[in-house]
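With PDB, C-alpha atoms inside, this is model10.pdb:
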ATOM      1  CA  MET V 230      35.101  36.766 -30.603
ATOM      2  CA  ARG V 231      34.864  33.878 -28.156
ATOM      3  CA  ALA V 232      34.424  30.339 -29.417
ATOM      4  CA  ASP V 233      30.879  30.045 -28.000
ATOM      5  CA  GLU V 234      29.815  33.199 -29.833
ATOM      6  CA  ALA V 235      31.338  32.040 -33.108
ATOM      7  CA  VAL V 236      29.221  28.881 -33.333
ATOM      8  CA  LEU V 237      25.836  30.417 -32.508
ATOM      9  CA  ALA V 238      23.599  31.299 -35.427
ATOM     10  CA  TYR V 239      22.092  34.771 -35.879
ATOM     11  CA  GLY V 240      24.822  36.565 -33.921
ATOM     12  CA  GLY V 241      27.684  38.693 -35.168
ATOM     13  CA  GLY V 242      26.915  39.794 -38.690
ATOM     14  CA  TRP V 243      28.916  41.811 -41.180
ATOM     15  CA  LEU V 244      27.193  45.178 -40.748
ATOM     16  CA  ASP V 245      28.316  48.342 -39.071
ATOM     17  CA  ARG V 246      24.921  49.354 -37.669
ATOM     18  CA  ALA V 247      25.966  53.012 -37.954
ATOM     19  CA  GLY V 248      23.546  54.211 -35.292
ATOM     20  CA  GLU V 249      24.701  57.805 -35.696
ATOM     21  CA  LEU V 250      23.138  57.945 -39.176
ATOM     22  CA  ARG V 251      19.658  57.054 -37.964
ATOM     23  CA  ALA V 252      19.038  60.573 -36.670
ATOM     24  CA  ASP V 253      19.912  62.143 -40.050
ATOM     25  CA  PRO V 254      16.847  61.721 -42.319
ATOM     26  CA  GLU V 255      18.493  63.550 -45.206
ATOM     27  CA  ARG V 256      21.465  61.201 -45.137
ATOM     28  CA  ILE V 257      19.169  58.163 -44.920
ATOM     29  CA  ALA V 258      17.152  59.446 -47.895
ATOM     30  CA  ALA V 259      20.341  59.965 -49.900
ATOM     31  CA  LEU V 260      21.490  56.435 -49.119
ATOM     32  CA  MET V 261      18.116  55.030 -50.171
ATOM     33  CA  ALA V 262      18.462  56.824 -53.507
ATOM     34  CA  ASP V 263      22.032  55.622 -54.033
ATOM     35  CA  PRO V 264      22.032  52.899 -56.740
ATOM     36  CA  GLY V 265      24.855  51.142 -54.904
ATOM     37  CA  SER V 266      22.801  50.628 -51.738
ATOM     38  CA  VAL V 267      21.568  47.089 -51.030
ATOM     39  CA  VAL V 268      17.935  46.217 -50.322
ATOM     40  CA  LEU V 269      16.868  42.978 -48.605
ATOM     41  CA  PRO V 270      13.165  42.309 -49.348
ATOM     42  CA  PHE V 271      10.805  40.429 -47.011
ATOM     43  CA  TRP V 272       7.217  39.296 -47.224
ATOM     44  CA  ARG V 273       5.385  38.564 -43.938
ATOM     45  CA  ASP V 274       8.479  37.482 -42.012
ATOM     46  CA  ARG V 275       9.899  35.503 -44.916
ATOM     47  CA  CYS V 276      12.915  36.521 -46.945
ATOM     48  CA  LEU V 277      12.651  36.488 -50.714
ATOM     49  CA  VAL V 278      15.088  34.093 -52.339
ATOM     50  CA  ALA V 279      16.354  33.025 -55.741
ATOM     51  CA  ASP V 280      17.866  29.535 -55.955
ATOM     52  CA  ASP V 281      17.633  29.279 -52.146
ATOM     53  CA  VAL V 282      19.786  32.384 -51.664
ATOM     54  CA  PRO V 283      18.308  35.617 -50.246
ATOM     55  CA  VAL V 284      18.139  38.251 -52.962
ATOM     56  CA  ARG V 285      20.182  41.435 -52.555
ATOM     57  CA  LEU V 286      18.763  44.171 -54.731
ATOM     58  CA  THR V 287      20.565  47.234 -56.062
ATOM     59  CA  GLY V 288      19.899  49.821 -58.743
ATOM     60  CA  ASP V 289      16.523  49.797 -60.501
ATOM     61  CA  LEU V 290      15.261  46.633 -58.795
ATOM     62  CA  ALA V 291      16.010  48.148 -55.399
ATOM     63  CA  ALA V 292      14.284  51.400 -56.334
ATOM     64  CA  GLY V 293      11.256  49.439 -57.508
ATOM     65  CA  VAL V 294      10.689  47.594 -54.247
ATOM     66  CA  LEU V 295      11.434  50.711 -52.176
ATOM     67  CA  ALA V 296       8.618  52.457 -54.048
ATOM     68  CA  VAL V 297       6.031  49.809 -53.071
ATOM     69  CA  ALA V 298       7.326  48.854 -49.590
ATOM     70  CA  ASP V 299       5.118  49.118 -46.521
ATOM     71  CA  GLU V 300       8.132  49.877 -44.330
ATOM     72  CA  THR V 301      11.821  50.422 -44.872
ATOM     73  CA  ALA V 302      14.504  50.067 -42.210
ATOM     74  CA  PHE V 303      18.156  51.087 -42.395
ATOM     75  CA  LEU V 304      20.243  48.153 -41.154
ATOM     76  CA  GLY V 305      23.720  49.636 -41.444
ATOM     77  CA  MET V 306      26.791  49.813 -43.669
ATOM     78  CA  GLY V 307      28.479  46.836 -45.300
ATOM     79  CA  ASP V 308      32.192  46.156 -45.506
ATOM     80  CA  ASP V 309      32.308  48.063 -48.805
ATOM     81  CA  ARG V 310      30.507  50.995 -47.097
ATOM     82  CA  SER V 311      27.332  50.463 -49.113
ATOM     83  CA  ALA V 312      24.142  51.037 -47.137
ATOM     84  CA  VAL V 313      21.891  48.042 -46.443
ATOM     85  CA  PHE V 314      18.121  48.377 -46.050
ATOM     86  CA  ALA V 315      15.344  45.908 -45.239
ATOM     87  CA  VAL V 316      11.968  46.400 -46.905
ATOM     88  CA  ASP V 317       8.604  44.880 -46.056
ATOM     89  CA  LEU V 318       6.423  43.940 -49.030
ATOM     90  CA  SER V 319       3.659  42.392 -46.926
ATOM     91  CA  GLY V 320       1.057  44.705 -48.434
ATOM     92  CA  LEU V 321       1.435  42.852 -51.734
ATOM     93  CA  SER V 322       0.283  39.351 -52.471
ATOM     94  CA  GLU V 323       3.023  36.752 -52.112
ATOM     95  CA  ALA V 324       3.217  36.307 -55.879
ATOM     96  CA  ALA V 325       3.437  40.068 -56.465
ATOM     97  CA  ALA V 326       6.161  40.445 -53.826
ATOM     98  CA  VAL V 327       8.198  37.614 -55.334
ATOM     99  CA  GLU V 328       7.863  39.129 -58.796
ATOM    100  CA  ALA V 329       8.728  42.655 -57.660
ATOM    101  CA  ALA V 330      11.942  41.393 -56.063
ATOM    102  CA  GLY V 331      12.922  39.213 -59.019
ATOM    103  CA  ALA V 332      12.867  36.266 -56.624
ATOM    104  CA  GLY V 333      11.639  32.699 -56.855
ATOM    105  CA  ALA V 334       9.999  32.168 -53.467
ATOM    106  CA  ALA V 335       9.437  33.507 -49.951
ATOM    107  CA  VAL V 336      11.212  31.362 -47.337
ATOM    108  CA  ASP V 337      11.630  31.364 -43.551
ATOM    109  CA  VAL V 338      15.160  32.445 -42.595
ATOM    110  CA  ARG V 339      15.465  29.435 -40.282
ATOM    111  CA  ALA V 340      14.988  27.078 -43.220
ATOM    112  CA  LEU V 341      18.040  28.626 -44.909
ATOM    113  CA  VAL V 342      20.480  28.731 -42.021
ATOM    114  CA  GLY V 343      22.372  25.612 -43.111
ATOM    115  CA  ARG V 344      22.990  27.165 -46.529
ATOM    116  CA  LEU V 345      23.932  30.660 -45.337
ATOM    117  CA  GLY V 346      27.159  31.786 -43.774
ATOM    118  CA  PRO V 347      26.799  32.829 -40.117
ATOM    119  CA  ALA V 348      27.164  36.536 -40.903
ATOM    120  CA  GLU V 349      24.547  36.457 -43.657
ATOM    121  CA  ALA V 350      22.110  34.537 -41.428
ATOM    122  CA  ALA V 351      22.629  37.165 -38.722
ATOM    123  CA  VAL V 352      21.769  40.039 -41.050
ATOM    124  CA  GLN V 353      18.716  38.276 -42.457
ATOM    125  CA  ALA V 354      17.451  37.558 -38.944
ATOM    126  CA  TYR V 355      18.104  41.172 -37.893
ATOM    127  CA  ALA V 356      16.055  42.404 -40.860
ATOM    128  CA  ARG V 357      13.236  39.964 -40.160
ATOM    129  CA  GLY V 358      12.979  40.939 -36.496
ATOM    130  CA  LEU V 359      12.962  44.668 -37.177
ATOM    131  CA  LEU V 360      10.304  44.463 -39.898
ATOM    132  CA  HIS V 361       8.137  42.208 -37.727
ATOM    133  CA  TRP V 362       8.272  44.825 -34.966
ATOM    134  CA  HIS V 363       7.078  47.520 -37.368
ATOM    135  CA  ARG V 364       4.005  45.507 -38.313
ATOM    136  CA  GLN V 365       3.148  44.945 -34.639
ATOM    137  CA  GLN V 366       3.555  48.605 -33.587
ATOM    138  CA  ARG V 367       1.333  50.461 -36.026
ATOM    139  CA  PHE V 368      -0.709  51.921 -33.162
ATOM    140  CA  CYS V 369       0.260  53.480 -29.852
ATOM    141  CA  GLY V 370      -0.426  51.304 -26.837
ATOM    142  CA  ALA V 371      -1.042  54.369 -24.671
ATOM    143  CA  CYS V 372      -3.574  56.380 -26.702
ATOM    144  CA  GLY V 373      -4.434  54.212 -29.713
ATOM    145  CA  ALA V 374      -3.307  56.724 -32.345
ATOM    146  CA  SER V 375      -1.350  55.542 -35.379
ATOM    147  CA  THR V 376       2.438  55.538 -35.308
ATOM    148  CA  VAL V 377       4.992  56.432 -37.980
ATOM    149  CA  ALA V 378       8.555  55.253 -38.487
ATOM    150  CA  ARG V 379      11.439  57.506 -37.534
ATOM    151  CA  GLY V 380      15.152  57.108 -36.886
ATOM    152  CA  GLY V 381      15.896  55.095 -40.005
ATOM    153  CA  GLY V 382      13.260  52.562 -38.993
ATOM    154  CA  HIS V 383      14.482  52.057 -35.419
ATOM    155  CA  VAL V 384      11.839  54.217 -33.717
ATOM    156  CA  ARG V 385       8.097  54.660 -34.164
ATOM    157  CA  SER V 386       6.464  57.877 -33.074
ATOM    158  CA  CYS V 387       2.860  58.236 -31.929
ATOM    159  CA  THR V 388       0.895  60.758 -34.009
ATOM    160  CA  GLY V 389      -1.551  61.525 -31.179
ATOM    161  CA  ALA V 390      -1.688  65.283 -30.549
ATOM    162  CA  ASP V 391      -1.524  64.875 -26.767
ATOM    163  CA  CYS V 392       0.786  61.864 -26.714
ATOM    164  CA  GLY V 393       3.777  61.739 -29.055
ATOM    165  CA  ARG V 394       5.132  58.647 -27.351
ATOM    166  CA  LEU V 395       8.264  57.107 -28.843
ATOM    167  CA  LEU V 396       8.246  53.345 -29.336
ATOM    168  CA  PHE V 397      11.453  51.346 -29.610
ATOM    169  CA  PRO V 398      12.024  47.708 -30.572
ATOM    170  CA  ARG V 399      11.754  45.485 -27.526
ATOM    171  CA  ILE V 400      13.663  42.303 -26.783
ATOM    172  CA  GLU V 401      12.049  39.374 -24.954
ATOM    173  CA  PRO V 402      14.786  37.643 -22.904
ATOM    174  CA  ALA V 403      14.514  33.959 -22.109
ATOM    175  CA  VAL V 404      16.796  31.606 -20.193
ATOM    176  CA  ILE V 405      17.758  28.174 -21.511
ATOM    177  CA  VAL V 406      19.499  25.800 -19.149
ATOM    178  CA  LEU V 407      21.463  22.577 -19.245
ATOM    179  CA  VAL V 408      20.886  21.042 -15.803
ATOM    180  CA  GLU V 409      23.413  18.476 -14.589
ATOM    181  CA  ALA V 410      22.777  15.733 -12.036
ATOM    182  CA  PRO V 411      24.322  16.231  -8.579
ATOM    183  CA  GLY V 412      26.260  12.948  -8.544
ATOM    184  CA  ALA V 413      27.921  10.323 -10.706
ATOM    185  CA  PRO V 414      27.587   9.282 -13.411
ATOM    186  CA  ASP V 415      27.516  12.565 -15.321
ATOM    187  CA  ARG V 416      23.996  13.178 -16.628
ATOM    188  CA  CYS V 417      21.948  16.068 -17.927
ATOM    189  CA  LEU V 418      18.225  16.698 -17.658
ATOM    190  CA  LEU V 419      16.190  16.844 -20.865
ATOM    191  CA  ALA V 420      12.441  17.185 -21.244
ATOM    192  CA  ARG V 421       9.721  16.557 -23.791
ATOM    193  CA  HIS V 422       7.624  19.675 -24.242
ATOM    194  CA  ALA V 423       3.922  19.822 -24.932
ATOM    195  CA  GLY V 424       3.383  19.448 -28.669
ATOM    196  CA  ALA V 425       6.731  17.753 -29.252
ATOM    197  CA  ARG V 426       6.774  14.381 -30.969
ATOM    198  CA  GLU V 427       7.302  11.219 -28.945
ATOM    199  CA  GLY V 428      10.941  10.805 -27.972
ATOM    200  CA  ALA V 429      11.910  14.415 -28.791
ATOM    201  CA  TYR V 430      13.834  15.890 -25.867
ATOM    202  CA  SER V 431      15.478  19.274 -25.320
ATOM    203  CA  THR V 432      16.907  21.450 -22.591
ATOM    204  CA  LEU V 433      14.620  23.479 -20.339
ATOM    205  CA  ALA V 434      13.845  27.121 -21.051
ATOM    206  CA  GLY V 435      11.476  29.936 -20.146
ATOM    207  CA  PHE V 436      10.904  33.666 -20.414
ATOM    208  CA  VAL V 437      12.238  36.143 -17.872
ATOM    209  CA  GLU V 438       9.450  37.845 -15.929
ATOM    210  CA  VAL V 439       9.158  41.455 -14.783
ATOM    211  CA  GLY V 440      11.299  42.140 -11.740
ATOM    212  CA  GLU V 441      13.516  39.058 -12.221
ATOM    213  CA  SER V 442      17.215  38.722 -12.772
ATOM    214  CA  LEU V 443      18.360  36.090 -15.250
ATOM    215  CA  GLU V 444      19.473  33.901 -12.358
ATOM    216  CA  ASP V 445      16.093  34.272 -10.638
ATOM    217  CA  ALA V 446      14.405  33.200 -13.858
ATOM    218  CA  VAL V 447      16.577  30.080 -14.093
ATOM    219  CA  ARG V 448      15.688  29.021 -10.555
ATOM    220  CA  ARG V 449      11.970  29.715 -10.976
ATOM    221  CA  GLU V 450      11.601  28.034 -14.370
ATOM    222  CA  MET V 451      13.435  24.884 -13.298
ATOM    223  CA  ALA V 452      11.310  24.637 -10.158
ATOM    224  CA  GLU V 453       7.995  25.381 -11.914
ATOM    225  CA  GLU V 454       8.427  23.152 -14.933
ATOM    226  CA  ALA V 455      10.448  20.228 -13.586
ATOM    227  CA  GLY V 456      10.320  20.526  -9.796
ATOM    228  CA  VAL V 457      14.103  20.879  -9.703
ATOM    229  CA  THR V 458      16.070  23.127  -7.357
ATOM    230  CA  VAL V 459      19.318  24.242  -9.004
ATOM    231  CA  THR V 460      22.602  25.618  -7.719
ATOM    232  CA  ASP V 461      25.995  26.588  -9.181
ATOM    233  CA  LEU V 462      24.607  28.610 -12.073
ATOM    234  CA  THR V 463      27.167  29.346 -14.790
ATOM    235  CA  TYR V 464      26.605  31.675 -17.723
ATOM    236  CA  VAL V 465      27.469  30.052 -21.070
ATOM    237  CA  GLY V 466      26.483  32.590 -23.726
ATOM    238  CA  SER V 467      23.608  34.343 -25.430
ATOM    239  CA  GLN V 468      21.975  34.082 -28.825
ATOM    240  CA  ALA V 469      19.937  36.510 -30.874
ATOM    241  CA  TRP V 470      16.624  34.820 -31.656
ATOM    242  CA  PRO V 471      14.475  37.361 -33.541
ATOM    243  CA  PHE V 472      11.562  34.967 -34.085
ATOM    244  CA  PRO V 473      10.024  37.360 -33.402
ATOM    245  CA  ALA V 474      12.020  39.190 -30.686
ATOM    246  CA  GLY V 475      13.821  36.754 -28.437
ATOM    247  CA  LEU V 476      17.211  36.819 -26.771
ATOM    248  CA  MET V 477      18.220  33.372 -25.506
ATOM    249  CA  VAL V 478      20.572  33.410 -22.519
ATOM    250  CA  GLY V 479      22.267  30.079 -21.886
ATOM    251  CA  PHE V 480      23.271  28.669 -18.494
ATOM    252  CA  ARG V 481      24.531  25.479 -16.950
ATOM    253  CA  ALA V 482      23.370  24.560 -13.467
ATOM    254  CA  THR V 483      23.504  21.641 -11.028
ATOM    255  CA  ALA V 484      20.393  20.070  -9.522
ATOM    256  CA  ALA V 485      20.190  19.748  -5.743
ATOM    257  CA  SER V 486      18.681  16.269  -6.128
ATOM    258  CA  GLU V 487      17.732  13.827  -8.870
ATOM    259  CA  GLU V 488      14.010  14.094  -8.154
ATOM    260  CA  VAL V 489      12.002  15.420 -11.116
ATOM    261  CA  ARG V 490       8.318  16.450 -11.140
ATOM    262  CA  VAL V 491       7.092  17.838 -14.457
ATOM    263  CA  ASP V 492       4.201  20.296 -14.496
ATOM    264  CA  GLY V 493       2.223  18.271 -17.056
ATOM    265  CA  GLU V 494       1.404  21.408 -19.012
ATOM    266  CA  GLU V 495       4.552  22.844 -20.544
ATOM    267  CA  LEU V 496       6.533  19.652 -19.931
ATOM    268  CA  LEU V 497       5.098  16.184 -20.439
ATOM    269  CA  GLU V 498       8.114  14.250 -19.186
ATOM    270  CA  ALA V 499      11.713  14.764 -18.152
ATOM    271  CA  ARG V 500      14.573  12.363 -17.542
ATOM    272  CA  TRP V 501      18.313  12.204 -16.990
ATOM    273  CA  PHE V 502      20.595  11.261 -19.888
ATOM    274  CA  THR V 503      24.192  10.093 -19.766
ATOM    275  CA  ARG V 504      26.625  11.193 -22.452
ATOM    276  CA  ASP V 505      26.618   7.714 -23.947
ATOM    277  CA  GLU V 506      22.833   7.796 -24.232
ATOM    278  CA  LEU V 507      22.974  11.117 -26.063
ATOM    279  CA  ARG V 508      25.665   9.819 -28.404
ATOM    280  CA  GLU V 509      23.455   6.827 -29.169
ATOM    281  CA  ARG V 510      20.595   9.171 -30.022
ATOM    282  CA  VAL V 511      22.837  11.116 -32.390
ATOM    283  CA  ALA V 512      24.046   7.894 -34.017
ATOM    284  CA  ALA V 513      20.400   6.877 -34.511
ATOM    285  CA  GLY V 514      19.696  10.098 -36.390
ATOM    286  CA  ARG V 515      17.999  11.987 -33.589
ATOM    287  CA  PRO V 516      19.387  15.534 -33.539
ATOM    288  CA  LEU V 517      20.282  17.310 -30.315
ATOM    289  CA  GLY V 518      17.965  20.301 -30.660
ATOM    290  CA  ARG V 519      17.747  22.638 -33.655
ATOM    291  CA  VAL V 520      21.144  22.961 -35.306
ATOM    292  CA  ASP V 521      20.774  26.765 -35.318
ATOM    293  CA  SER V 522      19.838  27.000 -31.642
ATOM    294  CA  ILE V 523      21.843  27.563 -28.472
ATOM    295  CA  ASP V 524      20.052  24.438 -27.194
ATOM    296  CA  HIS V 525      22.162  22.430 -29.661
ATOM    297  CA  HIS V 526      25.311  24.248 -28.554
ATOM    298  CA  LEU V 527      24.674  23.563 -24.857
ATOM    299  CA  LEU V 528      24.271  19.848 -25.519
ATOM    300  CA  GLN V 529      27.211  19.553 -27.898
ATOM    301  CA  SER V 530      29.551  21.398 -25.524
ATOM    302  CA  TRP V 531      28.407  19.162 -22.641
ATOM    303  CA  LEU V 532      29.150  16.065 -24.720
ATOM    304  CA  ALA V 533      32.561  17.446 -25.707
ATOM    305  CA  ALA V 534      33.440  18.111 -22.055
ATOM    306  CA  GLY V 535      33.214  14.387 -21.366
ATOM    307  CA  ALA V 536      35.142  13.193 -24.393
TER     308      ALA V 536
END

Using the file provided, produce a representation of the structure as structure tokens.
Amino acid sequence: MRADEAVLAYGGGWLDRAGELRADPERIAALMADPGSVVLPFWRDRCLVADDVPVRLTGDLAAGVLAVADETAFLGMGDDRSAVFAVDLSGLSEAAAVEAAGAGAAVDVRALVGRLGPAEAAVQAYARGLLHWHRQQRFCGACGASTVARGGGHVRSCTGADCGRLLFPRIEPAVIVLVEAPGAPDRCLLARHAGAREGAYSTLAGFVEVGESLEDAVRREMAEEAGVTVTDLTYVGSQAWPFPAGLMVGFRATAASEEVRVDGEELLEARWFTRDELRERVAAGRPLGRVDSIDHHLLQSWLAAGA
């Protein structure tokens, strides 16, 4: 594993996804009935926790939530070769879901990332993203008929007599870019996005459109949002971001000029920052992006390069 991959939240994980088992419904059913299998319960995109730790159910508790789950998805096999499943209890009230799981609360995975190991955060995010997809794909987009889960929860099949379309989880790729100034002193471009508090700056990002390469998306987004033409694109790394279905692809690029023209809609302002200015912001208690985001990694690695 490269160093940039190791520091990014929600990537990696400790599961063997065991894709070959998904096509064997009898094997999946046997694993679900195995008292040693692990069940991770969720309620409306939130994991169920006890003492701020996601609950991992086995035995009778696991069987109980499996019996009342709206959807169940096979995530893979753990290091001890026990199967791991995610279950959605969204059909229950929050209180009933918490009680059924023997938990204390329902909490957003992102609120727990500082208290979870990277591998555990990755598995929780994987479960969240897959269960969210199930709730959004209950009907076929082609014919409108209902869909049912197949393939261990990794496929949904249309029940329409003349359709039968197979639906698979989709990823929504986005680019996120640290833009450097073309000349000395070394500076990077940060922007304040619509809805962000005063003085809150981050790197620039945007979704990839149909018919675009990642590099095309970088050039278009930087030009549309900040009026900046960029060159010398360099891939940095990618990050799973299943909130609900993102894949963040990080780049560094160099601006052709220092001129900046924000669009006034997505971006309210943008300005160049030196490394010393960013260090002063950190010293004043202003974080460089979310600590679990590749945005934070791009900024920290840029600062480290000038140490």

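With all atoms listed in the file as the basis for measurement, V:Ile405 is the residue among V:Ile405, V:Ala469, V:Ala423, V:Ala330 that approaches V:Arg448 most closely.
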
- Query: If the PyMOL selection byres ((chain V and resi 424) around 12) is run on the structure shown, which residues does it catch, given as a ChimeraX atom specification?
  - Reply: /V:420-423,425-430,493-498

- Identify, on the basis of all atoms listed in the file, every residue whose closest approach to V:Ala403 does not exceed 12 Å; exclude the query and any residue fewer than 5 positions from it along the same chain; express the result as JSON, numbers by chain. {"V": [433, 434, 435, 436, 437, 438, 439, 441, 442, 443, 444, 445, 446, 447, 450, 467, 468, 469, 470, 471, 474, 475, 476, 477, 478, 479, 480, 523]}

- Decode the PyMOL selection byres ((chain V and resi 358) around 12) for the given file into explicit residues and return them as a ChimeraX atom specification. /V:239,271,273-276,302,304,315-317,337-338,351-357,359-365,382-383,398-401,469-476

- Message: To test your reading of the syntax: which residues would the PyMOL selection byres ((chain V and resi 241) around 10) return for the file shown? Reply as a PyMOL selection string.
- Response: chain V and resi 230+234-235+237-240+242-244+347-352+468-469

- Item | Residue nearest V:Gly380 - candidates V:Gln366, V:Thr463, V:Thr301, V:Ser319, atoms counted: only C-alpha atoms | V:Thr301

- Shell of 8 Å around V:Leu395, only C-alpha atoms, local chain residues under 6 positions omitted, as a ChimeraX atom specification: /V:384-387

- Within 6 Å of stretch 451-460 of chain V using only C-alpha atoms, minus same-chain residues under 3 positions, as a ChimeraX atom specification: /V:448,482-485,489-492

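Taking atom CA of V:Arg344 as the reference point, atom CA of V:Leu517 is found at 19.2 Å.
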
- Query: Hey, which of V:Leu321, V:Ala413, V:Val520, V:Leu260 ends up closest to V:Arg504? Count all atoms listed in the file.
  - Reply: V:Ala413

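With all atoms listed in the file as the basis for measurement, V:Leu532 is the residue among V:Asp461, V:Ala291, V:Leu532, V:Asp253 that approaches V:Glu509 most closely.
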
- Note on the structure: Counting all atoms listed in the file, the residue among V:Val342, V:Ala312, V:Cys372, V:Leu528 that lies closest to V:Leu407 is V:Leu528

- Could you pull the residues within 7 Å of V:Cys417, counting only C-alpha atoms, minus those fewer than 2 positions along the same chain, as a list in words? Leu407, Val408, Glu409, Ala410, Leu419, Trp501, Phe502 and Thr503 of chain V
